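Chemist: So that we are looking at the same thing, I have put the structure below in structure tokens.
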Amino acid sequence: MSYNCEKIIDRADTGSVKWEFVPDWNDPDETNLINACDGQNHVLPMWVADMDFACPEPVIRALKQRVDHGIFGYTRPDAADLAAVVSWMTKRHGWQIQADWIVSTPGVVPALHMLVRAFTQPGDSVLVQRPVYYPFFSAIKSNDCHIVSNSLELADNHYHMDFQDLEEKTADPKVKLAILCSPHNPVGRVWNAEELRRFGRICKHNNVLIISDEIHADLVYPGRQFVPFSMVDSDFSSNSIICTAPSKTFNLAGLQTSNIIIADEGYRDQFKHAIQANGLYGVNPFGMTACRAAYENGEAWLDALLSYLHENLQHMLRYFSNNIKDIKLIQPEGTYLVWLDCRSLGLNSRELNDLVLNQAGVCFDPGSLFGPEGDGFQRINIACPRSLLMEALERIDTAVKNRR
């Protein structure tokens, strides 16, 4: 079966956050959005993490069949839905989980907010590894907790964990949780087993519960192997909560379905209580239908996607090497998000955002969103037809040259 990743699909008039709107990054407090599809010289959106590829045909067929049923009442995952999640984790990652460990939620970000609320008190601290996915910050701050950063270190164009700093930060009794991003968004690291083991042992020694966001687990490039955090050490299952979803893997983000995997019964019951306290009941029937269809019949599509993403990455590496010397690409080991080091341009954050959005007509995610460690960086989403990717790179190239 062939998959056409080159086809450009018009996403106008679909309410697409990515294509119909561009945030005003020059004013972080401004919530107004600017239409991105108007005019001949529309902005090319390469920011929010959804793909410009149609999701797998088996998923589309399953959704059509569900629509044809005609009744969309209250829904909960049944045994077959849970079995599909269990089977995927075993088949794709060699991770043996049990169906009763799975707690379904309407997306990983809402789950993170509820997890912080469930396992902290106002005034507690939550550790993250900046630069990191910025909704982590809102999950912490909206629950009246403090952000503590065990910031990643960049050396030789490669990011590493600072374990000495981790030991010092987690020794503070106010640090109750650590949110691990694995694979890491935005820097693209796929943490190896030894890195995860050291991280897990330090946290466990200091009684810090780990929430591992593994939403990008399926998106790993050749030569790298994703390791589920709970598999690294037999002790880690009792001190971790794993966030998973089919959304990034199969482009299903709008269906708002995630599966939070909690082996420890006490933690699981505590999280379920937090869900109930937020008035949530059941799941989106279309999200669960899509999740099951993707996990049961979407693997061939995923393999084709990974091949195409790898080719996109290689084209991008060559383009930057040959044309845009002042921007360094931090080569990702996983995800379809690429972290760009633009510090050699000598621009502050506002000037860099202006260059990318207003002069080049491309929308990336400003690095400053991911924490102060991201100043001078930009994040680009390469999950799009190659023609769009190359047009975006050419626009950046022209804007940089014009500035000179």
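Identifiers in the structure tokens: chain A, B, ... in order shown; residue index from 1 per chain; ligand index from 1 in order shown.
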List every residue of stretch 235-342 of chain A that has an atom at most 10 Å from any atom of stretch 59-67 of chain A, and for each one report the closest atom pair and its distance in Å to one decimal, counting only C-alpha atoms, with rows sorted by chain and then by increasing residue number, as a tab-separated table.

Modeler:
```
residue	atom	partner	partner_atom	distance
A:Phe250	CA	A:Val59	CA	9.0
A:Leu252	CA	A:Val59	CA	9.5
A:Pro285	CA	A:Arg66	CA	8.4
A:Phe286	CA	A:Leu63	CA	6.4
A:Gly287	CA	A:Leu63	CA	8.9
A:Met288	CA	A:Leu63	CA	9.7
A:Thr289	CA	A:Leu63	CA	6.6
A:Ala290	CA	A:Val59	CA	5.3
A:Cys291	CA	A:Val59	CA	8.0
A:Arg292	CA	A:Val59	CA	8.4
A:Ala293	CA	A:Val59	CA	5.2
A:Ala294	CA	A:Val59	CA	5.8
A:Tyr295	CA	A:Val59	CA	9.3
A:Glu296	CA	A:Val59	CA	9.5
A:Asn297	CA	A:Val59	CA	7.9
A:Gly298	CA	A:Val59	CA	7.6
```

Chemist: For the selection just defined, write its residues with C-alpha atoms to a file, as a tab-separated table (two decimals), in the first residue's frame.

Modeler:
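File out-v2.tsv, as written:
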```tsv
chain	number	residue	atom	x	y	z
A	250	PHE	CA	-1.29	9.34	13.57
A	252	LEU	CA	-5.36	12.70	15.55
A	285	PRO	CA	-16.49	8.06	20.80
A	286	PHE	CA	-14.68	9.17	17.66
A	287	GLY	CA	-11.38	9.55	19.49
A	288	MET	CA	-11.57	6.05	20.91
A	289	THR	CA	-12.62	4.61	17.54
A	290	ALA	CA	-9.67	6.31	15.85
A	291	CYS	CA	-7.25	5.21	18.56
A	292	ARG	CA	-8.22	1.57	18.22
A	293	ALA	CA	-8.14	1.61	14.41
A	294	ALA	CA	-4.75	3.32	14.37
A	295	TYR	CA	-3.16	0.91	16.81
A	296	GLU	CA	-4.67	-2.13	15.11
A	297	ASN	CA	-4.12	-1.18	11.46
A	298	GLY	CA	-1.92	1.91	11.25
```

Chemist: Apply DSSP to the structure's backbone, then extract all residues of stretch 131-355 of chain A labelled alpha helix (DSSP H) and return them as a short mmCIF file (atom, residue, chain, number, x, y, z; two decimals) with C-alpha atoms, in the first residue's frame.

Modeler:
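Saved as part-v7.cif:
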```
data_model
loop_
_atom_site.label_atom_id
_atom_site.label_comp_id
_atom_site.auth_asym_id
_atom_site.auth_seq_id
_atom_site.Cartn_x
_atom_site.Cartn_y
_atom_site.Cartn_z
CA PRO A 135 2.21 23.61 28.40
CA PHE A 136 4.19 22.00 31.22
CA PHE A 137 4.55 25.50 32.65
CA SER A 138 0.83 26.25 32.61
CA ALA A 139 0.05 22.88 34.22
CA ILE A 140 2.35 23.83 37.09
CA LYS A 141 1.48 27.50 37.50
CA PHE A 163 22.65 15.03 36.78
CA GLN A 164 24.56 16.92 39.46
CA ASP A 165 22.04 19.74 39.22
CA LEU A 166 19.23 17.16 39.25
CA GLU A 167 20.51 15.72 42.53
CA GLU A 168 20.64 19.18 44.08
CA LYS A 169 17.19 20.22 42.85
CA THR A 170 15.36 17.02 43.83
CA ALA A 193 18.39 3.63 29.01
CA GLU A 194 21.34 4.81 31.10
CA GLU A 195 20.18 8.43 31.07
CA LEU A 196 16.68 7.37 32.09
CA ARG A 197 18.04 5.06 34.78
CA ARG A 198 20.09 7.84 36.38
CA PHE A 199 17.18 10.25 36.18
CA GLY A 200 14.78 7.72 37.69
CA ARG A 201 17.05 6.65 40.53
CA ILE A 202 17.81 10.22 41.59
CA CYS A 203 14.10 11.08 41.65
CA LYS A 204 13.12 7.93 43.49
CA HIS A 205 15.87 8.42 46.09
CA PHE A 229 10.63 4.85 31.16
CA SER A 230 8.86 2.14 33.16
CA MET A 231 10.88 -0.58 31.42
CA VAL A 232 14.28 0.78 32.45
CA SER A 247 -2.41 11.95 18.46
CA LYS A 248 1.13 12.84 17.37
CA THR A 249 1.79 9.44 15.81
CA PHE A 250 -1.29 9.34 13.57
CA GLU A 265 -3.07 1.22 42.06
CA GLY A 266 -2.92 3.95 44.71
CA TYR A 267 -1.69 6.57 42.26
CA ARG A 268 -4.23 5.39 39.71
CA ASP A 269 -7.13 5.78 42.13
CA GLN A 270 -5.85 9.20 43.18
CA PHE A 271 -5.73 10.33 39.55
CA LYS A 272 -9.21 8.95 38.82
CA HIS A 273 -10.50 10.96 41.76
CA ALA A 274 -8.94 14.11 40.25
CA ILE A 275 -10.66 13.38 36.93
CA GLN A 276 -14.01 13.03 38.66
CA ALA A 277 -13.38 16.24 40.60
CA PRO A 285 -16.49 8.06 20.80
CA PHE A 286 -14.68 9.17 17.66
CA GLY A 287 -11.38 9.55 19.49
CA MET A 288 -11.57 6.05 20.91
CA THR A 289 -12.62 4.61 17.54
CA ALA A 290 -9.67 6.31 15.85
CA CYS A 291 -7.25 5.21 18.56
CA ARG A 292 -8.22 1.57 18.22
CA ALA A 293 -8.14 1.61 14.41
CA ALA A 294 -4.75 3.32 14.37
CA TYR A 295 -3.16 0.91 16.81
CA GLU A 296 -4.67 -2.13 15.11
CA ASN A 297 -4.12 -1.18 11.46
CA GLU A 299 1.58 0.51 11.54
CA ALA A 300 2.31 0.39 7.80
CA TRP A 301 1.24 4.04 7.49
CA LEU A 302 3.51 4.97 10.40
CA ASP A 303 6.51 3.23 8.87
CA ALA A 304 5.96 5.12 5.61
CA LEU A 305 5.59 8.37 7.55
CA LEU A 306 8.85 7.83 9.43
CA SER A 307 10.68 7.22 6.17
CA TYR A 308 9.29 10.44 4.69
CA LEU A 309 10.08 12.47 7.81
CA HIS A 310 13.65 11.17 7.75
CA GLU A 311 13.98 12.26 4.12
CA ASN A 312 12.58 15.70 5.02
CA LEU A 313 15.16 15.96 7.78
CA GLN A 314 18.01 15.03 5.41
CA HIS A 315 16.89 17.67 2.89
CA MET A 316 16.73 20.22 5.67
CA LEU A 317 20.19 19.34 6.98
CA ARG A 318 21.69 19.76 3.52
CA TYR A 319 19.88 23.05 2.93
CA PHE A 320 21.10 24.62 6.14
CA SER A 321 24.64 23.33 5.59
CA ASN A 322 24.76 24.77 2.07
CA ASN A 323 22.74 27.96 2.41
CA SER A 349 13.91 37.46 20.69
CA ARG A 350 11.63 40.16 19.32
CA GLU A 351 13.93 40.83 16.34
CA LEU A 352 14.25 37.11 15.60
CA ASN A 353 10.49 36.60 15.70
#
```

Chemist: Name all residues at most 10 Å from A:Leu388 (count only C-alpha atoms; drop same-chain ones fewer than 3 positions away) and give them as a list in words.

Modeler: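 In the requested form, the answer reads Glu6, Ile8, Leu44, Pro45, Met46, Asp52, Ile382, Ala383, Cys384, Pro385, Glu391, Ala392, Leu393 and Glu394 of chain A.
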
Chemist: Using the chain letters and numbers from this document, which residues of stretch 226-271 of chain A does DSSP assign to strand (DSSP E), as a PyMOL selection string?

Modeler: chain A and resi 240-244+258-261

Chemist: Could you give me, as an mmCIF file with C-alpha atoms, in the first residue's frame, the residues within 12 Å of A:Val187, counting only C-alpha atoms and dropping anything in the same chain fewer than 5 positions from it?

Modeler:
```
data_model
loop_
_atom_site.group_PDB
_atom_site.id
_atom_site.type_symbol
_atom_site.label_atom_id
_atom_site.label_comp_id
_atom_site.auth_asym_id
_atom_site.auth_seq_id
_atom_site.Cartn_x
_atom_site.Cartn_y
_atom_site.Cartn_z
ATOM 1 C CA GLN A 129 14.025 20.204 32.012
ATOM 2 C CA ARG A 130 13.983 23.439 30.045
ATOM 3 C CA PRO A 131 13.901 24.284 27.226
ATOM 4 C CA VAL A 132 10.794 22.131 27.234
ATOM 5 C CA TYR A 133 7.210 21.896 25.961
ATOM 6 C CA SER A 151 17.982 22.781 32.582
ATOM 7 C CA LEU A 152 19.482 20.724 29.776
ATOM 8 C CA GLU A 153 23.062 21.431 28.731
ATOM 9 C CA LEU A 154 24.010 22.072 25.096
ATOM 10 C CA ASN A 157 25.384 20.734 19.194
ATOM 11 C CA HIS A 158 23.916 18.008 21.430
ATOM 12 C CA TYR A 159 21.776 18.242 24.577
ATOM 13 C CA HIS A 160 22.537 16.376 27.801
ATOM 14 C CA MET A 161 20.973 16.067 31.253
ATOM 15 C CA CYS A 181 9.698 14.753 28.276
ATOM 16 C CA SER A 182 10.686 11.545 26.470
ATOM 17 C CA LEU A 329 20.185 22.744 13.183
ATOM 18 C CA ILE A 330 20.137 20.599 16.318
ATOM 19 C CA GLN A 331 19.676 17.215 14.669
ATOM 20 C CA PRO A 332 16.740 15.434 16.307
ATOM 21 C CA GLU A 333 16.772 11.771 17.268
ATOM 22 C CA GLY A 334 12.989 11.708 17.422
ATOM 23 C CA THR A 335 9.767 13.751 16.908
ATOM 24 C CA TYR A 336 8.953 15.755 13.779
ATOM 25 C CA LEU A 337 9.992 18.975 15.515
ATOM 26 C CA VAL A 338 13.408 20.512 14.839
ATOM 27 C CA TRP A 339 15.236 22.948 17.142
ATOM 28 C CA LEU A 340 17.127 25.726 15.373
ATOM 29 C CA ASP A 341 19.976 27.635 17.002
ATOM 30 C CA GLY A 367 12.343 29.367 21.445
ATOM 31 C CA PHE A 370 10.117 26.935 26.002
ATOM 32 C CA GLU A 373 17.076 28.642 27.810
ATOM 33 C CA GLY A 374 15.314 28.876 24.441
ATOM 34 C CA PHE A 377 16.188 29.477 19.136
ATOM 35 C CA GLN A 378 13.169 28.588 16.997
ATOM 36 C CA ARG A 379 11.201 25.331 16.643
ATOM 37 C CA ILE A 380 10.041 24.139 13.221
#
```

Chemist: Between atom CA of A:Ala171 and atom CA of A:Ala217, what is the distance in Å, rounded to a tenth?

Modeler: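 Going from atom CA of A:Ala171 over to atom CA of A:Ala217, I get 29.0 Å.
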